[in-house]
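Visitor: Dropping in upload_22.cif, with mmCIF, C-alpha atoms.
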```
data_final
#
loop_
_atom_site.label_atom_id
_atom_site.label_comp_id
_atom_site.auth_asym_id
_atom_site.auth_seq_id
_atom_site.Cartn_x
_atom_site.Cartn_y
_atom_site.Cartn_z
CA MET L 1 -10.87 -33.68 21.51
CA SER L 2 -11.36 -31.75 24.73
CA GLU L 3 -12.29 -28.12 24.27
CA PRO L 4 -9.54 -25.49 24.30
CA ILE L 5 -9.39 -23.40 27.45
CA ARG L 6 -9.29 -19.61 27.26
CA ARG L 7 -7.29 -18.01 30.05
CA ALA L 8 -9.87 -15.27 30.62
CA ASP L 9 -12.67 -17.85 30.99
CA ALA L 10 -10.59 -20.05 33.30
CA LEU L 11 -9.75 -17.12 35.56
CA ALA L 12 -13.41 -16.06 35.62
CA TYR L 13 -14.33 -19.57 36.83
CA GLY L 14 -11.77 -19.43 39.64
CA GLN L 15 -8.74 -21.16 38.15
CA THR L 16 -5.36 -19.58 38.74
CA ASP L 17 -2.48 -18.90 36.38
CA ALA L 18 -0.49 -21.51 38.30
CA GLU L 19 -3.16 -24.12 37.54
CA LEU L 20 -3.12 -23.16 33.87
CA ARG L 21 0.67 -23.30 33.80
CA ASN L 22 0.41 -26.82 35.26
CA LEU L 23 -1.75 -27.85 32.27
CA TYR L 24 0.98 -27.16 29.76
CA THR L 25 4.08 -27.92 31.85
CA ARG L 26 2.91 -31.21 33.39
CA GLN L 27 -0.27 -32.40 31.66
CA GLY L 28 0.74 -32.10 28.01
CA TRP L 29 -1.43 -29.15 27.04
CA SER L 30 -0.01 -26.57 24.59
CA LYS L 31 -0.47 -22.86 24.05
CA LEU L 32 -2.18 -22.37 20.69
CA ARG L 33 -1.81 -18.62 21.01
CA PRO L 34 -1.41 -16.36 24.04
CA GLY L 35 -4.26 -17.00 26.42
CA LEU L 36 -5.51 -20.19 24.73
CA TYR L 37 -4.57 -23.70 25.79
CA VAL L 38 -5.29 -26.87 23.82
CA PRO L 39 -5.32 -30.47 25.11
CA PRO L 40 -2.64 -33.07 24.27
CA GLU L 41 -4.79 -34.70 21.56
CA PHE L 42 -4.48 -31.46 19.56
CA GLU L 43 -1.10 -32.73 18.34
CA GLU L 44 -2.85 -35.63 16.58
CA LEU L 45 -4.89 -33.30 14.35
CA THR L 46 -3.99 -32.59 10.73
CA ARG L 47 -2.26 -29.32 9.84
CA GLU L 48 -5.57 -28.04 8.45
CA ALA L 49 -7.54 -28.98 11.58
CA LYS L 50 -4.94 -27.29 13.80
CA HIS L 51 -5.13 -24.17 11.66
CA ARG L 52 -8.93 -24.20 11.82
CA GLU L 53 -8.69 -24.22 15.63
CA LEU L 54 -6.32 -21.25 15.46
CA VAL L 55 -8.74 -19.42 13.13
CA VAL L 56 -11.71 -20.05 15.42
CA ALA L 57 -9.66 -18.85 18.41
CA THR L 58 -8.42 -15.74 16.61
CA ALA L 59 -11.63 -14.59 14.90
CA PRO L 60 -13.28 -13.16 18.05
CA LEU L 61 -10.20 -11.00 18.64
CA LEU L 62 -10.51 -9.27 15.25
CA SER L 63 -12.42 -6.15 14.32
CA ALA L 64 -16.10 -6.82 13.65
CA LEU L 65 -15.54 -5.85 10.00
CA ALA L 66 -12.51 -8.09 9.42
CA SER L 67 -13.03 -11.39 7.63
CA ILE L 68 -10.89 -14.51 7.63
CA SER L 69 -9.27 -14.81 4.19
CA HIS L 70 -6.64 -16.51 2.04
CA GLN L 71 -5.51 -19.97 3.23
CA SER L 72 -7.33 -19.52 6.52
CA ALA L 73 -10.60 -19.07 4.63
CA ALA L 74 -9.78 -22.06 2.42
CA VAL L 75 -9.46 -24.19 5.56
CA MET L 76 -12.84 -22.91 6.78
CA HIS L 77 -14.35 -23.81 3.38
CA ASP L 78 -12.76 -27.31 3.60
CA VAL L 79 -10.77 -26.66 0.43
CA PRO L 80 -7.67 -28.88 0.41
CA LEU L 81 -4.42 -27.00 -0.04
CA TRP L 82 -1.00 -28.20 -1.06
CA SER L 83 2.25 -26.86 0.39
CA VAL L 84 0.70 -23.65 1.72
CA PRO L 85 1.97 -22.35 5.08
CA PHE L 86 -0.37 -22.30 8.07
CA ASP L 87 1.95 -20.30 10.31
CA ARG L 88 -0.55 -17.49 10.97
CA VAL L 89 -4.20 -16.63 10.50
CA HIS L 90 -4.95 -14.50 7.44
CA ALA L 91 -7.71 -11.90 7.58
CA THR L 92 -8.76 -8.94 5.42
CA ARG L 93 -10.20 -5.55 6.30
CA ASP L 94 -11.90 -3.23 3.83
CA ARG L 95 -9.30 -0.48 4.02
CA PRO L 96 -6.95 1.07 1.48
CA ALA L 97 -3.84 0.52 3.65
CA GLY L 98 -2.70 -0.53 7.09
CA GLY L 99 -2.03 -4.24 6.72
CA ARG L 100 0.30 -5.85 9.22
CA LYS L 101 1.95 -9.13 10.13
CA THR L 102 2.38 -10.43 13.66
CA ARG L 103 3.43 -13.82 14.99
CA HIS L 104 -0.14 -15.15 14.81
CA LEU L 105 -1.89 -12.88 12.28
CA HIS L 106 -1.44 -11.50 8.77
CA MET L 107 -3.94 -8.67 8.30
CA HIS L 108 -4.48 -7.75 4.64
CA CYS L 109 -6.17 -4.54 3.50
CA ALA L 110 -8.22 -4.61 0.31
CA PRO L 111 -11.70 -3.79 -0.93
CA LEU L 112 -14.10 -6.24 0.74
CA PRO L 113 -17.76 -5.77 -0.14
CA ASP L 114 -20.37 -7.56 1.97
CA GLU L 115 -21.27 -9.85 -0.93
CA ASP L 116 -17.74 -11.34 -0.75
CA VAL L 117 -18.28 -12.44 2.86
CA VAL L 118 -20.06 -15.50 4.26
CA VAL L 119 -20.35 -16.87 7.79
CA ILE L 120 -19.07 -20.37 8.53
CA ASP L 121 -19.51 -21.74 12.06
CA GLY L 122 -20.05 -18.21 13.35
CA VAL L 123 -16.89 -16.83 11.71
CA ARG L 124 -16.86 -14.13 8.98
CA VAL L 125 -14.97 -15.63 6.03
CA THR L 126 -14.38 -14.51 2.46
CA ASP L 127 -16.61 -16.47 0.07
CA LEU L 128 -15.10 -19.29 -1.95
CA ALA L 129 -14.53 -17.27 -5.14
CA ARG L 130 -12.80 -14.44 -3.25
CA THR L 131 -10.75 -16.96 -1.28
CA VAL L 132 -9.46 -18.58 -4.48
CA GLY L 133 -8.76 -15.11 -5.91
CA ASP L 134 -6.78 -14.13 -2.81
CA LEU L 135 -4.76 -17.33 -3.02
CA ALA L 136 -4.13 -16.82 -6.73
CA ARG L 137 -2.53 -13.49 -5.89
CA THR L 138 -0.44 -14.58 -2.92
CA VAL L 139 0.79 -18.16 -3.29
CA PRO L 140 2.90 -19.76 -6.03
CA LEU L 141 1.10 -20.80 -9.22
CA GLU L 142 1.06 -24.53 -8.47
CA GLN L 143 -0.52 -24.04 -5.03
CA ALA L 144 -3.10 -21.64 -6.48
CA ILE L 145 -4.04 -24.15 -9.18
CA VAL L 146 -4.57 -26.85 -6.55
CA ALA L 147 -6.86 -24.53 -4.56
CA GLY L 148 -8.78 -23.43 -7.66
CA ASP L 149 -9.22 -27.00 -8.88
CA ALA L 150 -10.48 -28.10 -5.45
CA ALA L 151 -12.91 -25.16 -5.34
CA MET L 152 -14.22 -26.04 -8.81
CA ARG L 153 -14.85 -29.61 -7.60
CA LYS L 154 -17.00 -27.98 -4.90
CA GLY L 155 -19.06 -26.30 -7.63
CA LEU L 156 -17.27 -22.98 -8.17
CA THR L 157 -17.21 -21.95 -11.83
CA ARG L 158 -14.43 -20.33 -13.83
CA ASN L 159 -16.51 -17.15 -14.16
CA GLU L 160 -16.98 -17.00 -10.39
CA ILE L 161 -13.21 -17.26 -9.92
CA VAL L 162 -12.68 -14.44 -12.43
CA ASP L 163 -15.29 -12.37 -10.55
CA GLY L 164 -13.50 -13.21 -7.29
CA LEU L 165 -10.37 -11.61 -8.72
CA ALA L 166 -12.10 -8.46 -10.02
CA TYR L 167 -11.35 -6.46 -6.86
CA ALA L 168 -7.63 -6.89 -7.53
CA GLU L 169 -7.48 -5.26 -10.95
CA GLY L 170 -4.73 -2.66 -10.86
CA ARG L 171 -3.63 -3.58 -7.36
CA HIS L 172 -0.20 -4.87 -6.46
CA ARG L 173 0.31 -8.27 -4.90
CA LEU L 174 -0.97 -8.42 -1.29
#
```
What is this file in structure tokens?

Guide:
Amino acid sequence: MSEPIRRADALAYGQTDAELRNLYTRQGWSKLRPGLYVPPEFEELTREAKHRELVVATAPLLSALASISHQSAAVMHDVPLWSVPFDRVHATRDRPAGGRKTRHLHMHCAPLPDEDVVVIDGVRVTDLARTVGDLARTVPLEQAIVAGDAAMRKGLTRNEIVDGLAYAEGRHRL
């Protein structure tokens, strides 16, 4: 697949907005999110691969302390999911409150110690145990079981999943 084009980069290299508009009105490119254009072959990707592209495009726009989480982190960990929406990128900040939902982003606020964060392909992501814990709290039981089972096939243990849920004790659903 051709690389996505960021509007800011294209303008810096001398392209115009009219040329970018031509990409998606006449050459089959799509807007992945405002300011980011993807080539026609993007449509051939799986739902998970499309979401991963959205995650990679969104991560640099987040606070340096935010980490990709929930189903977005599961995609980054290559954990197969069943019937989980990929309509927006999920991220978490270590704050007591202030979460928000926009068209492209669901920002969660919860305790997030450094040991619950890993870096995958240059993106801060919740570790696998925390990711499964987040999913267990936010998706229906069947979908959470699928994610947990897939994570265990990757080597995650039951105790690690329990530890991944420890931050949530006494907290309401995200």

Visitor: Measuring atom to atom with only C-alpha atoms, identify which of L:Asp87, L:Glu142, L:Glu160, L:Glu53 is nearest to Val123 of chain L.

Guide: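 Once distances to Val123 of chain L are computed over only C-alpha atoms, the minimum belongs to L:Glu53.
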
Visitor: Write out as a count of residues only the residues lying within 9 Å of segment 8-10 of chain L, counting all atoms listed in the file and excluding same-chain residues fewer than 5 positions away.

Guide: 6

Visitor: Fewer than 2 positions away in the same chain doesn't count, so skip those; otherwise give me all residues within 6 Å of Arg88 of chain L, counting only C-alpha atoms, as number ranges by chain.

Guide: L: 86, 104-105

Visitor: Go ahead and dump the residues you just picked, C-alpha atoms, as a CSV table (one decimal), in the coordinates of the input.

Guide:
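Writing the result to selection02.csv gives the following:
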```csv
chain,number,residue,atom,x,y,z
L,86,PHE,CA,-0.4,-22.3,8.1
L,104,HIS,CA,-0.1,-15.2,14.8
L,105,LEU,CA,-1.9,-12.9,12.3
```

Visitor: Could you please determine the separation between atom CA of Glu115 of chain L and atom CA of Ser67 of chain L in Å, to one decimal place?

Guide: 12.0 Å

Visitor: Might you spell out which residues the PyMOL selection byres ((chain L and resi 133) around 8) would select in the displayed file, as a PyMOL selection string?

Guide: chain L and resi 129-132+134-137+161-162+164-165

Visitor: Pick out the residues sitting within 10 Å of Gly28 of chain L, and hand them over as an MDAnalysis selection string; count only C-alpha atoms, and ignore anything fewer than 3 positions along from it in its own chain.

Guide: chainID L and resid 22:25 38:43

Visitor: What does the file look like for those residues with C-alpha atoms, as a short mmCIF file (atom, residue, chain, number, x, y, z; two decimals), in the coordinates of the input?

Guide:
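Contents of the output file result_22.cif:
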```
data_model
loop_
_atom_site.label_atom_id
_atom_site.label_comp_id
_atom_site.auth_asym_id
_atom_site.auth_seq_id
_atom_site.Cartn_x
_atom_site.Cartn_y
_atom_site.Cartn_z
CA ASN L 22 0.41 -26.82 35.26
CA LEU L 23 -1.75 -27.85 32.27
CA TYR L 24 0.98 -27.16 29.76
CA THR L 25 4.08 -27.92 31.85
CA VAL L 38 -5.29 -26.87 23.82
CA PRO L 39 -5.32 -30.47 25.11
CA PRO L 40 -2.64 -33.07 24.27
CA GLU L 41 -4.79 -34.70 21.56
CA PHE L 42 -4.48 -31.46 19.56
CA GLU L 43 -1.10 -32.73 18.34
#
```

Visitor: Assuming 5 Å of padding per side, give the centre and edge lengths of the axis-aligned box around every listed atom of segment 141-155 of chain L, in Å to one decimal and as lines of an AutoDock Vina configuration file.

Guide:
```
center_x = -9.0
center_y = -25.2
center_z = -6.9
size_x = 30.2
size_y = 18.8
size_z = 14.7
```

Visitor: Which is closest to Pro34 of chain L among L:Leu61, L:Ile120, L:Gly170, L:Asp114, if we use only C-alpha atoms?

Guide: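 For Pro34 of chain L, the nearest of the given residues is L:Leu61.
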
Visitor: Residues picked by the PyMOL selection byres ((chain L and resi 109-113) around 6) here, as a short mmCIF file (atom, residue, chain, number, x, y, z; two decimals) with C-alpha atoms, in the frame of the given file?

Guide:
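Dumped to out.cif:
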```cif
data_model
loop_
_atom_site.label_atom_id
_atom_site.label_comp_id
_atom_site.auth_asym_id
_atom_site.auth_seq_id
_atom_site.Cartn_x
_atom_site.Cartn_y
_atom_site.Cartn_z
CA THR L 92 -8.76 -8.94 5.42
CA ARG L 93 -10.20 -5.55 6.30
CA ASP L 94 -11.90 -3.23 3.83
CA ARG L 95 -9.30 -0.48 4.02
CA PRO L 96 -6.95 1.07 1.48
CA ALA L 97 -3.84 0.52 3.65
CA GLY L 99 -2.03 -4.24 6.72
CA HIS L 108 -4.48 -7.75 4.64
CA ASP L 114 -20.37 -7.56 1.97
CA GLU L 115 -21.27 -9.85 -0.93
CA ASP L 116 -17.74 -11.34 -0.75
#
```

Visitor: When you draw a straight line from atom CA of Met152 of chain L to atom CA of Arg52 of chain L, how long is it in Å?

Guide: 21.4 Å

Visitor: Starting from the sparse input, extend segment 142-153 of chain L to all heavy atoms and give the output as a PDB file, in the coordinates of the input.

Guide:
```pdb
ATOM      1  N   GLU L 142       1.481 -23.139  -8.664  1.00  0.00           N
ATOM      2  CA  GLU L 142       1.060 -24.530  -8.470  1.00  0.00           C
ATOM      3  C   GLU L 142       0.080 -24.669  -7.305  1.00  0.00           C
ATOM      4  O   GLU L 142      -0.920 -25.375  -7.398  1.00  0.00           O
ATOM      5  CB  GLU L 142       2.277 -25.444  -8.236  1.00  0.00           C
ATOM      6  CG  GLU L 142       3.180 -25.584  -9.442  1.00  0.00           C
ATOM      7  CD  GLU L 142       4.220 -24.455  -9.554  1.00  0.00           C
ATOM      8  OE1 GLU L 142       4.250 -23.547  -8.684  1.00  0.00           O
ATOM      9  OE2 GLU L 142       4.983 -24.469 -10.528  1.00  0.00           O
ATOM     10  N   GLN L 143       0.365 -23.985  -6.202  1.00  0.00           N
ATOM     11  CA  GLN L 143      -0.520 -24.040  -5.030  1.00  0.00           C
ATOM     12  C   GLN L 143      -1.867 -23.387  -5.337  1.00  0.00           C
ATOM     13  O   GLN L 143      -2.907 -23.859  -4.884  1.00  0.00           O
ATOM     14  CB  GLN L 143       0.131 -23.367  -3.819  1.00  0.00           C
ATOM     15  CG  GLN L 143       1.220 -24.196  -3.201  1.00  0.00           C
ATOM     16  CD  GLN L 143       2.597 -23.951  -3.798  1.00  0.00           C
ATOM     17  OE1 GLN L 143       2.749 -23.585  -4.963  1.00  0.00           O
ATOM     18  NE2 GLN L 143       3.633 -24.174  -3.013  1.00  0.00           N
ATOM     19  N   ALA L 144      -1.850 -22.306  -6.102  1.00  0.00           N
ATOM     20  CA  ALA L 144      -3.100 -21.640  -6.480  1.00  0.00           C
ATOM     21  C   ALA L 144      -3.950 -22.531  -7.378  1.00  0.00           C
ATOM     22  O   ALA L 144      -5.179 -22.576  -7.239  1.00  0.00           O
ATOM     23  CB  ALA L 144      -2.797 -20.308  -7.173  1.00  0.00           C
ATOM     24  N   ILE L 145      -3.308 -23.240  -8.287  1.00  0.00           N
ATOM     25  CA  ILE L 145      -4.040 -24.150  -9.180  1.00  0.00           C
ATOM     26  C   ILE L 145      -4.705 -25.262  -8.371  1.00  0.00           C
ATOM     27  O   ILE L 145      -5.861 -25.616  -8.608  1.00  0.00           O
ATOM     28  CB  ILE L 145      -3.112 -24.717 -10.264  1.00  0.00           C
ATOM     29  CG1 ILE L 145      -2.753 -23.608 -11.260  1.00  0.00           C
ATOM     30  CG2 ILE L 145      -3.762 -25.902 -10.978  1.00  0.00           C
ATOM     31  CD1 ILE L 145      -1.678 -23.984 -12.252  1.00  0.00           C
ATOM     32  N   VAL L 146      -3.988 -25.804  -7.400  1.00  0.00           N
ATOM     33  CA  VAL L 146      -4.570 -26.850  -6.550  1.00  0.00           C
ATOM     34  C   VAL L 146      -5.811 -26.320  -5.840  1.00  0.00           C
ATOM     35  O   VAL L 146      -6.851 -26.975  -5.810  1.00  0.00           O
ATOM     36  CB  VAL L 146      -3.526 -27.380  -5.535  1.00  0.00           C
ATOM     37  CG1 VAL L 146      -4.172 -28.249  -4.473  1.00  0.00           C
ATOM     38  CG2 VAL L 146      -2.427 -28.147  -6.260  1.00  0.00           C
ATOM     39  N   ALA L 147      -5.717 -25.122  -5.267  1.00  0.00           N
ATOM     40  CA  ALA L 147      -6.860 -24.530  -4.560  1.00  0.00           C
ATOM     41  C   ALA L 147      -8.020 -24.268  -5.514  1.00  0.00           C
ATOM     42  O   ALA L 147      -9.182 -24.564  -5.197  1.00  0.00           O
ATOM     43  CB  ALA L 147      -6.440 -23.233  -3.862  1.00  0.00           C
ATOM     44  N   GLY L 148      -7.725 -23.712  -6.686  1.00  0.00           N
ATOM     45  CA  GLY L 148      -8.780 -23.430  -7.660  1.00  0.00           C
ATOM     46  C   GLY L 148      -9.450 -24.690  -8.155  1.00  0.00           C
ATOM     47  O   GLY L 148     -10.680 -24.750  -8.279  1.00  0.00           O
ATOM     48  N   ASP L 149      -8.662 -25.724  -8.427  1.00  0.00           N
ATOM     49  CA  ASP L 149      -9.220 -27.000  -8.880  1.00  0.00           C
ATOM     50  C   ASP L 149     -10.125 -27.600  -7.799  1.00  0.00           C
ATOM     51  O   ASP L 149     -11.226 -28.073  -8.094  1.00  0.00           O
ATOM     52  CB  ASP L 149      -8.076 -27.954  -9.229  1.00  0.00           C
ATOM     53  CG  ASP L 149      -8.575 -29.271  -9.776  1.00  0.00           C
ATOM     54  OD1 ASP L 149      -9.274 -29.247 -10.815  1.00  0.00           O
ATOM     55  OD2 ASP L 149      -8.280 -30.316  -9.168  1.00  0.00           O
ATOM     56  N   ALA L 150      -9.678 -27.560  -6.549  1.00  0.00           N
ATOM     57  CA  ALA L 150     -10.480 -28.100  -5.450  1.00  0.00           C
ATOM     58  C   ALA L 150     -11.789 -27.310  -5.295  1.00  0.00           C
ATOM     59  O   ALA L 150     -12.853 -27.892  -5.067  1.00  0.00           O
ATOM     60  CB  ALA L 150      -9.687 -28.071  -4.147  1.00  0.00           C
ATOM     61  N   ALA L 151     -11.708 -25.993  -5.448  1.00  0.00           N
ATOM     62  CA  ALA L 151     -12.910 -25.160  -5.340  1.00  0.00           C
ATOM     63  C   ALA L 151     -13.881 -25.456  -6.485  1.00  0.00           C
ATOM     64  O   ALA L 151     -15.107 -25.470  -6.290  1.00  0.00           O
ATOM     65  CB  ALA L 151     -12.529 -23.682  -5.331  1.00  0.00           C
ATOM     66  N   MET L 152     -13.353 -25.712  -7.671  1.00  0.00           N
ATOM     67  CA  MET L 152     -14.220 -26.040  -8.810  1.00  0.00           C
ATOM     68  C   MET L 152     -14.901 -27.398  -8.583  1.00  0.00           C
ATOM     69  O   MET L 152     -16.055 -27.577  -8.969  1.00  0.00           O
ATOM     70  CB  MET L 152     -13.433 -26.011 -10.115  1.00  0.00           C
ATOM     71  CG  MET L 152     -13.062 -24.578 -10.506  1.00  0.00           C
ATOM     72  SD  MET L 152     -12.085 -24.468 -12.006  1.00  0.00           S
ATOM     73  CE  MET L 152     -13.404 -24.566 -13.225  1.00  0.00           C
ATOM     74  N   ARG L 153     -14.214 -28.324  -7.934  1.00  0.00           N
ATOM     75  CA  ARG L 153     -14.850 -29.610  -7.600  1.00  0.00           C
ATOM     76  C   ARG L 153     -15.979 -29.409  -6.590  1.00  0.00           C
ATOM     77  O   ARG L 153     -16.882 -30.224  -6.498  1.00  0.00           O
ATOM     78  CB  ARG L 153     -13.821 -30.609  -7.076  1.00  0.00           C
ATOM     79  CG  ARG L 153     -12.968 -31.226  -8.177  1.00  0.00           C
ATOM     80  CD  ARG L 153     -12.184 -32.435  -7.702  1.00  0.00           C
ATOM     81  NE  ARG L 153     -11.442 -32.231  -6.477  1.00  0.00           N
ATOM     82  CZ  ARG L 153     -10.217 -31.729  -6.382  1.00  0.00           C
ATOM     83  NH1 ARG L 153      -9.578 -31.372  -7.482  1.00  0.00           N
ATOM     84  NH2 ARG L 153      -9.629 -31.587  -5.226  1.00  0.00           N
TER      85      ARG L 153
END
```
